[in-house]
Structures are given as C-alpha cells and as structure tokens.
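Here is the file my_file.cif (mmCIF, C-alpha atoms and all ligand atoms; chains and numbers go by the auth columns).
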data_upload
loop_
_atom_site.group_PDB
_atom_site.id
_atom_site.type_symbol
_atom_site.label_atom_id
_atom_site.label_comp_id
_atom_site.label_asym_id
_atom_site.label_seq_id
_atom_site.Cartn_x
_atom_site.Cartn_y
_atom_site.Cartn_z
_atom_site.B_iso_or_equiv
_atom_site.auth_seq_id
_atom_site.auth_asym_id
ATOM 1 C CA MET A 1 -10.361 13.411 -9.181 0.00 1 A
ATOM 2 C CA LYS A 2 -8.257 16.342 -8.018 0.00 2 A
ATOM 3 C CA PRO A 3 -5.023 15.236 -6.308 0.00 3 A
ATOM 4 C CA VAL A 4 -4.709 16.034 -2.607 0.00 4 A
ATOM 5 C CA CYS A 5 -2.327 18.865 -1.789 0.00 5 A
ATOM 6 C CA ALA A 6 -0.855 18.958 1.725 0.00 6 A
ATOM 7 C CA ALA A 7 0.429 22.529 1.436 0.00 7 A
ATOM 8 C CA GLU A 8 -0.219 25.341 -0.972 0.00 8 A
ATOM 9 C CA LYS A 9 1.849 28.383 -1.868 0.00 9 A
ATOM 10 C CA ILE A 10 1.246 31.570 -3.809 0.00 10 A
ATOM 11 C CA ILE A 11 3.436 32.296 -6.803 0.00 11 A
ATOM 12 C CA GLU A 12 3.435 35.063 -9.359 0.00 12 A
ATOM 13 C CA LYS A 13 2.958 34.083 -12.985 0.00 13 A
ATOM 14 C CA ASN A 14 2.559 36.578 -15.848 0.00 14 A
ATOM 15 C CA GLY A 15 2.018 39.327 -13.288 0.00 15 A
ATOM 16 C CA ARG A 16 -0.792 37.412 -11.553 0.00 16 A
ATOM 17 C CA LYS A 17 -0.719 35.730 -8.155 0.00 17 A
ATOM 18 C CA ILE A 18 -1.867 32.116 -8.286 0.00 18 A
ATOM 19 C CA VAL A 19 -2.116 29.335 -5.727 0.00 19 A
ATOM 20 C CA VAL A 20 -0.160 26.175 -6.516 0.00 20 A
ATOM 21 C CA CYS A 21 0.587 23.013 -4.614 0.00 21 A
ATOM 22 C CA ASP A 22 3.868 23.246 -2.671 0.00 22 A
ATOM 23 C CA ASP A 23 5.418 19.802 -3.191 0.00 23 A
ATOM 24 C CA THR A 24 8.803 20.761 -1.736 0.00 24 A
ATOM 25 C CA ARG A 25 8.535 18.557 1.318 0.00 25 A
ATOM 26 C CA SER A 26 6.968 15.618 -0.482 0.00 26 A
ATOM 27 C CA ARG A 27 10.002 15.631 -2.809 0.00 27 A
ATOM 28 C CA LEU A 28 12.435 15.497 0.115 0.00 28 A
ATOM 29 C CA LEU A 29 12.016 11.865 1.171 0.00 29 A
ATOM 30 C CA PRO A 30 12.394 10.318 -2.323 0.00 30 A
ATOM 31 C CA ILE A 31 15.557 12.395 -2.857 0.00 31 A
ATOM 32 C CA LEU A 32 16.950 11.206 0.493 0.00 32 A
ATOM 33 C CA GLN A 33 16.035 7.573 -0.251 0.00 33 A
ATOM 34 C CA ASP A 34 17.786 7.801 -3.611 0.00 34 A
ATOM 35 C CA ARG A 35 20.935 9.263 -2.027 0.00 35 A
ATOM 36 C CA GLN A 36 20.888 6.594 0.704 0.00 36 A
ATOM 37 C CA ASP A 37 20.550 3.807 -1.897 0.00 37 A
ATOM 38 C CA ARG A 38 23.332 5.173 -4.097 0.00 38 A
ATOM 39 C CA ARG A 39 25.916 6.057 -1.444 0.00 39 A
ATOM 40 C CA GLY A 40 24.865 4.121 1.624 0.00 40 A
ATOM 41 C CA TYR A 41 24.589 7.278 3.719 0.00 41 A
ATOM 42 C CA ILE A 42 23.771 10.979 3.562 0.00 42 A
ATOM 43 C CA SER A 43 26.648 13.318 4.362 0.00 43 A
ATOM 44 C CA ASP A 44 26.474 16.838 5.809 0.00 44 A
ATOM 45 C CA LYS A 45 27.352 18.169 2.360 0.00 45 A
ATOM 46 C CA ASP A 46 24.532 16.111 0.791 0.00 46 A
ATOM 47 C CA MET A 47 22.067 17.569 3.298 0.00 47 A
ATOM 48 C CA GLN A 48 23.201 21.111 2.498 0.00 48 A
ATOM 49 C CA ASN A 49 22.984 20.467 -1.253 0.00 49 A
ATOM 50 C CA ILE A 50 19.498 18.950 -0.967 0.00 50 A
ATOM 51 C CA ALA A 51 18.353 21.868 1.197 0.00 51 A
ATOM 52 C CA ASP A 52 19.686 24.305 -1.420 0.00 52 A
ATOM 53 C CA LEU A 53 17.973 22.351 -4.197 0.00 53 A
ATOM 54 C CA LEU A 54 14.591 22.468 -2.453 0.00 54 A
ATOM 55 C CA GLY A 55 15.001 25.944 -0.991 0.00 55 A
ATOM 56 C CA ILE A 56 14.526 24.782 2.600 0.00 56 A
ATOM 57 C CA HIS A 57 16.699 25.046 5.716 0.00 57 A
ATOM 58 C CA PRO A 58 19.324 22.271 6.163 0.00 58 A
ATOM 59 C CA VAL A 59 17.951 21.619 9.663 0.00 59 A
ATOM 60 C CA GLU A 60 14.723 20.400 8.050 0.00 60 A
ATOM 61 C CA VAL A 61 16.705 17.926 5.966 0.00 61 A
ATOM 62 C CA TYR A 62 18.752 16.846 8.995 0.00 62 A
ATOM 63 C CA SER A 63 15.610 16.314 11.091 0.00 63 A
ATOM 64 C CA VAL A 64 14.141 13.984 8.460 0.00 64 A
ATOM 65 C CA VAL A 65 17.402 12.055 8.021 0.00 65 A
ATOM 66 C CA THR A 66 17.785 11.510 11.762 0.00 66 A
ATOM 67 C CA PHE A 67 14.105 10.653 12.281 0.00 67 A
ATOM 68 C CA TYR A 68 13.986 7.667 9.929 0.00 68 A
ATOM 69 C CA SER A 69 16.117 4.701 10.991 0.00 69 A
ATOM 70 C CA PHE A 70 16.541 3.584 7.383 0.00 70 A
ATOM 71 C CA LEU A 71 18.367 6.801 6.547 0.00 71 A
ATOM 72 C CA SER A 72 21.872 7.247 7.893 0.00 72 A
ATOM 73 C CA THR A 73 24.455 9.985 8.315 0.00 73 A
ATOM 74 C CA GLU A 74 27.247 7.399 8.455 0.00 74 A
ATOM 75 C CA LYS A 75 28.354 4.724 6.032 0.00 75 A
ATOM 76 C CA LYS A 76 27.185 1.317 7.200 0.00 76 A
ATOM 77 C CA GLY A 77 28.451 -2.170 6.536 0.00 77 A
ATOM 78 C CA LYS A 78 27.781 -4.129 3.357 0.00 78 A
ATOM 79 C CA HIS A 79 25.032 -5.965 5.250 0.00 79 A
ATOM 80 C CA VAL A 80 22.811 -4.278 7.821 0.00 80 A
ATOM 81 C CA ILE A 81 21.199 -6.548 10.390 0.00 81 A
ATOM 82 C CA ARG A 82 18.319 -4.928 12.266 0.00 82 A
ATOM 83 C CA VAL A 83 16.759 -6.634 15.260 0.00 83 A
ATOM 84 C CA SER A 84 13.290 -5.366 16.122 0.00 84 A
ATOM 85 C CA ASN A 85 13.024 -4.146 19.691 0.00 85 A
ATOM 86 C CA CYS A 86 9.303 -3.422 19.828 0.00 86 A
ATOM 87 C CA ILE A 87 7.700 -4.688 23.025 0.00 87 A
ATOM 88 C CA SER A 88 6.433 -7.916 21.413 0.00 88 A
ATOM 89 C CA ASN A 89 9.897 -8.734 20.121 0.00 89 A
ATOM 90 C CA VAL A 90 11.533 -7.934 23.456 0.00 90 A
ATOM 91 C CA MET A 91 9.031 -10.171 25.256 0.00 91 A
ATOM 92 C CA LYS A 92 9.792 -12.963 22.790 0.00 92 A
ATOM 93 C CA GLY A 93 13.541 -12.741 23.363 0.00 93 A
ATOM 94 C CA SER A 94 14.952 -10.269 20.849 0.00 94 A
ATOM 95 C CA GLU A 95 17.709 -9.239 23.278 0.00 95 A
ATOM 96 C CA LYS A 96 19.033 -12.812 23.272 0.00 96 A
ATOM 97 C CA VAL A 97 19.207 -12.565 19.483 0.00 97 A
ATOM 98 C CA VAL A 98 21.035 -9.221 19.732 0.00 98 A
ATOM 99 C CA ARG A 99 23.570 -10.748 22.145 0.00 99 A
ATOM 100 C CA ALA A 100 24.110 -13.725 19.823 0.00 100 A
ATOM 101 C CA PHE A 101 24.860 -11.379 16.906 0.00 101 A
ATOM 102 C CA GLU A 102 27.120 -9.239 19.116 0.00 102 A
ATOM 103 C CA LYS A 103 29.068 -12.317 20.152 0.00 103 A
ATOM 104 C CA ALA A 104 29.345 -13.748 16.644 0.00 104 A
ATOM 105 C CA LEU A 105 30.315 -10.439 15.029 0.00 105 A
ATOM 106 C CA LYS A 106 32.439 -9.208 17.988 0.00 106 A
ATOM 107 C CA ILE A 107 30.712 -5.823 17.964 0.00 107 A
ATOM 108 C CA LYS A 108 27.993 -4.116 19.982 0.00 108 A
ATOM 109 C CA ALA A 109 24.584 -3.168 18.566 0.00 109 A
ATOM 110 C CA GLY A 110 24.991 0.160 16.780 0.00 110 A
ATOM 111 C CA GLU A 111 28.473 -0.727 15.513 0.00 111 A
ATOM 112 C CA THR A 112 29.993 -1.900 12.234 0.00 112 A
ATOM 113 C CA THR A 113 32.597 -4.658 11.949 0.00 113 A
ATOM 114 C CA GLY A 114 36.172 -3.623 11.169 0.00 114 A
ATOM 115 C CA ASP A 115 35.984 -5.216 7.702 0.00 115 A
ATOM 116 C CA ARG A 116 32.820 -3.155 7.061 0.00 116 A
ATOM 117 C CA GLN A 117 30.838 -6.288 6.196 0.00 117 A
ATOM 118 C CA PHE A 118 28.198 -6.012 8.922 0.00 118 A
ATOM 119 C CA THR A 119 26.329 -3.349 10.847 0.00 119 A
ATOM 120 C CA LEU A 120 24.162 -4.492 13.745 0.00 120 A
ATOM 121 C CA GLU A 121 21.273 -2.342 14.946 0.00 121 A
ATOM 122 C CA ARG A 122 18.210 -2.440 17.116 0.00 122 A
ATOM 123 C CA THR A 123 15.200 -0.991 15.357 0.00 123 A
ATOM 124 C CA GLY A 124 11.541 -0.332 16.019 0.00 124 A
ATOM 125 C CA CYS A 125 8.629 -1.831 14.154 0.00 125 A
ATOM 126 C CA ILE A 126 9.391 -3.945 11.111 0.00 126 A
ATOM 127 C CA GLY A 127 5.852 -5.290 10.890 0.00 127 A
ATOM 128 C CA MET A 128 6.730 -8.709 12.274 0.00 128 A
ATOM 129 C CA CYS A 129 5.226 -8.843 15.771 0.00 129 A
ATOM 130 C CA ASP A 130 3.483 -12.083 14.877 0.00 130 A
ATOM 131 C CA LYS A 131 6.815 -13.734 14.066 0.00 131 A
ATOM 132 C CA ALA A 132 8.878 -12.313 16.929 0.00 132 A
ATOM 133 C CA PRO A 133 11.741 -12.331 17.493 0.00 133 A
ATOM 134 C CA ALA A 134 12.200 -10.943 14.013 0.00 134 A
ATOM 135 C CA ILE A 135 15.058 -9.321 12.168 0.00 135 A
ATOM 136 C CA MET A 136 15.609 -7.498 8.926 0.00 136 A
ATOM 137 C CA VAL A 137 18.716 -8.471 6.988 0.00 137 A
ATOM 138 C CA ASP A 138 19.305 -5.761 4.398 0.00 138 A
ATOM 139 C CA THR A 139 15.816 -5.736 2.799 0.00 139 A
ATOM 140 C CA GLU A 140 14.812 -9.273 3.790 0.00 140 A
ATOM 141 C CA LEU A 141 12.601 -10.045 6.781 0.00 141 A
ATOM 142 C CA VAL A 142 13.298 -13.135 8.880 0.00 142 A
ATOM 143 C CA GLY A 143 10.911 -14.249 11.611 0.00 143 A
ATOM 144 C CA ASN A 144 11.073 -16.599 14.593 0.00 144 A
ATOM 145 C CA VAL A 145 14.820 -16.092 14.918 0.00 145 A
ATOM 146 C CA LYS A 146 16.590 -18.110 17.580 0.00 146 A
ATOM 147 C CA PRO A 147 20.086 -17.329 18.862 0.00 147 A
ATOM 148 C CA GLY A 148 21.201 -20.677 17.440 0.00 148 A
ATOM 149 C CA MET A 149 20.385 -19.461 13.904 0.00 149 A
ATOM 150 C CA VAL A 150 22.712 -16.479 14.049 0.00 150 A
ATOM 151 C CA LYS A 151 25.950 -18.160 12.885 0.00 151 A
ATOM 152 C CA LYS A 152 24.219 -19.617 9.819 0.00 152 A
ATOM 153 C CA ILE A 153 22.670 -16.247 8.936 0.00 153 A
ATOM 154 C CA ILE A 154 26.094 -14.606 9.114 0.00 154 A
ATOM 155 C CA GLY A 155 27.723 -17.452 7.180 0.00 155 A
ATOM 156 C CA ASP A 156 25.159 -17.170 4.400 0.00 156 A
ATOM 157 C CA LEU A 157 25.681 -13.410 4.212 0.00 157 A
ATOM 158 C CA ARG A 158 29.470 -13.821 3.955 0.00 158 A
ATOM 159 C CA LYS A 159 28.915 -15.872 0.762 0.00 159 A
ATOM 160 C CA ARG A 160 26.943 -13.051 -0.916 0.00 160 A
HETATM 161 S S1 LIG B . 5.232 -3.390 16.658 0.00 201 B
HETATM 162 FE FE1 LIG B . 6.345 -5.265 16.717 0.00 201 B
HETATM 163 S S2 LIG B . 7.204 -5.471 14.736 0.00 201 B
HETATM 164 FE FE2 LIG B . 5.820 -3.788 14.598 0.00 201 B
#
Step by step, read the file and then write its structure as structure tokens.
Amino acid sequence: MKPVCAAEKIIEKNGRKIVVCDDTRSRLLPILQDRQDRRGYISDKDMQNIADLLGIHPVEVYSVVTFYSFLSTEKKGKHVIRVSNCISNVMKGSEKVVRAFEKALKIKAGETTGDRQFTLERTGCIGMCDKAPAIMVDTELVGNVKPGMVKKIIGDLRKR
C-alpha cells in the first residue's frame, strides 16, 4: 500500500521535474520532542537551528513549540506536575488539588520551585476524565486525586 503523503513538492532530479512527498513538517515534531527530552526545553537558538535544518521559517517552529503544552521554551523543574483542568476535572475539584500543590510547594501554578525540583502546571486533556480529578506526574498518570494525597505525592517524588 502506498504511504499517505500530506504535502507534495516538485524537485528537479537529473534535469527532470518530479513530484516527491514533502516530509519537512512531519519531521518537525519528532525533532522537537527529542530536543525537549534531551535538554528539558527548546531555546530560541534551538528553534532557529531547527528551522535552518528543515528550511522553514522560525515562526513555524515557534508556533508548534508554543502550541503543545508538553514542549517548553523554558527549563522546568526535575519533576513536572500537571493538573488537568478540562471541564470534567474542574467539576470534580481539580482546583482544590491545584491549591493543595500550591500550598505544599509554596509556588503558584505555572511556576517552578526555587530548588528547581518541581514545576506545577494546569493542563488540558490528559485522557483521564473518568478518573477526575487527575494529574500527570512527569510521564505517570494518577487518577482520583484528593488534596490530602498531595503531600505524599511530593514526598515520594523527593525520594526519586
Ligand atoms: S477531556 Fe477531561 S481529561 Fe480529557
């Protein structure tokens, strides 16, 4: 079966014009994910370098980086705690969970602790409406979170 091509482009090869699949944009996200995993964030210089590599405008790279909440332009803490704020989670009390983390970590959502151990964020869908309020701790999903569980979650993370 012929693979699906989202965009085609015309190139010249041996003096002939041929149509090939333009995979430039499909290569962008894996490159960004790799950079995020290796460095913990994607700097302005990284975005420029990636744009140069792919032959696209840096604004395109920036728009992708800022669209996806799992990509970041700033270095985050060792552990990233994301509290889902989809409507189901809000109705089930996710803001109480956010406030419990804010109190325990002495930061506001969107901030990183001074020792750079924790970043606390609100995030959209994490696929856990049925277990709301739900959080994502680094890559691990935790459902049915109660404010009373927050100190133990943080304590366990400090041991890692
Ligand atoms: S819409 Fe609620 S976690 Fe996905």
inquiry  = Please find the residues contacting ligand LIG 201 (chain B) at a distance of at most 7 Å between atoms, with all atoms listed in the file counted, and report them as a list in words.
reply    =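 The residues within 7 Å of ligand LIG 201 (chain B), counting all atoms listed in the file, are Ser84, Cys86, Ile87, Ser88, Asn89, Gly124, Cys125, Ile126, Gly127, Met128 and Cys129 of chain A.
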Target residues per the PyMOL selection byres (((chain A and resi 71) around 9) and not hetatm), formatted as a list of chain:residue names =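 Those residues are A:Leu32, A:Gln33, A:Gln36, A:Gly40, A:Tyr41, A:Ile42, A:Val64, A:Val65, A:Thr66, A:Phe67, A:Tyr68, A:Ser69, A:Phe70, A:Ser72, A:Thr73.
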Distance in Å - atom CA of A:Phe118 versus atom CA of A:Ile81 =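 Computing the Euclidean distance for atom CA of A:Phe118 and atom CA of A:Ile81 yields 7.2 Å.
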message = Residues proximal to (26.1, -17.0, 19.7) were defined as those with any atom within 7 Å of that point in the file's coordinates, counting all atoms listed in the file. Which are they, as number ranges by chain?
response = A: 100-101, 103-104, 147-148, 150-151
ask   = When the PyMOL selection byres (((chain A and resi 21) around 7) and not hetatm) is applied to the file above, which residues end up in the set, as a ChimeraX atom specification?
value = /A:5,7-9,19-20,22-23
inquiry  = If I take atom CA of A:Arg35 and atom CA of A:Leu54, how far is one from the other in Å, to one decimal?
reply    = 14.7 Å
request  = Would you list the residues near (21.9, -7.0, 16.4) (no more than 10 Å away, in the coordinates of the file, using all atoms listed in the file) as a PyMOL selection string?
outcome  = chain A and resi 80-85+94-103+105+107-111+118-123+135-136+150
message = So that I can see what lies close to A:Gln117, please list as a list in words the residues with an atom at most 6 Å from it, counting only C-alpha atoms and leaving out residues fewer than 6 positions away in the same chain.
response =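 Residues meeting the cut-off are Gly77, Lys78 and His79 of chain A.
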query = Any idea what's packed within 12 Å of A:Asn49, counting only C-alpha atoms, ignoring anything in its chain fewer than 3 positions away? Could you give it as a ChimeraX atom specification?
reply = /A:28,31-32,35,42-46,52-58,61-62
Pick from A:Asp156, A:Pro133, A:Asp37, A:Ser63, whichever lies nearest to A:Gly93 using all atoms listed in the file =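 Closest residue, counting all atoms listed in the file: A:Pro133.
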task = Would you mind reading off the distance between atom CA of A:Gly155 and atom CA of A:Lys76, one decimal, in Å?
result = 18.8 Å
query = Between A:Ile10, A:Glu60, A:Glu74, A:Arg39, which one has atoms that come closest to A:Arg25, using all atoms listed in the file?
reply =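 Residue with the minimum atom-to-atom distance to A:Arg25: A:Glu60.
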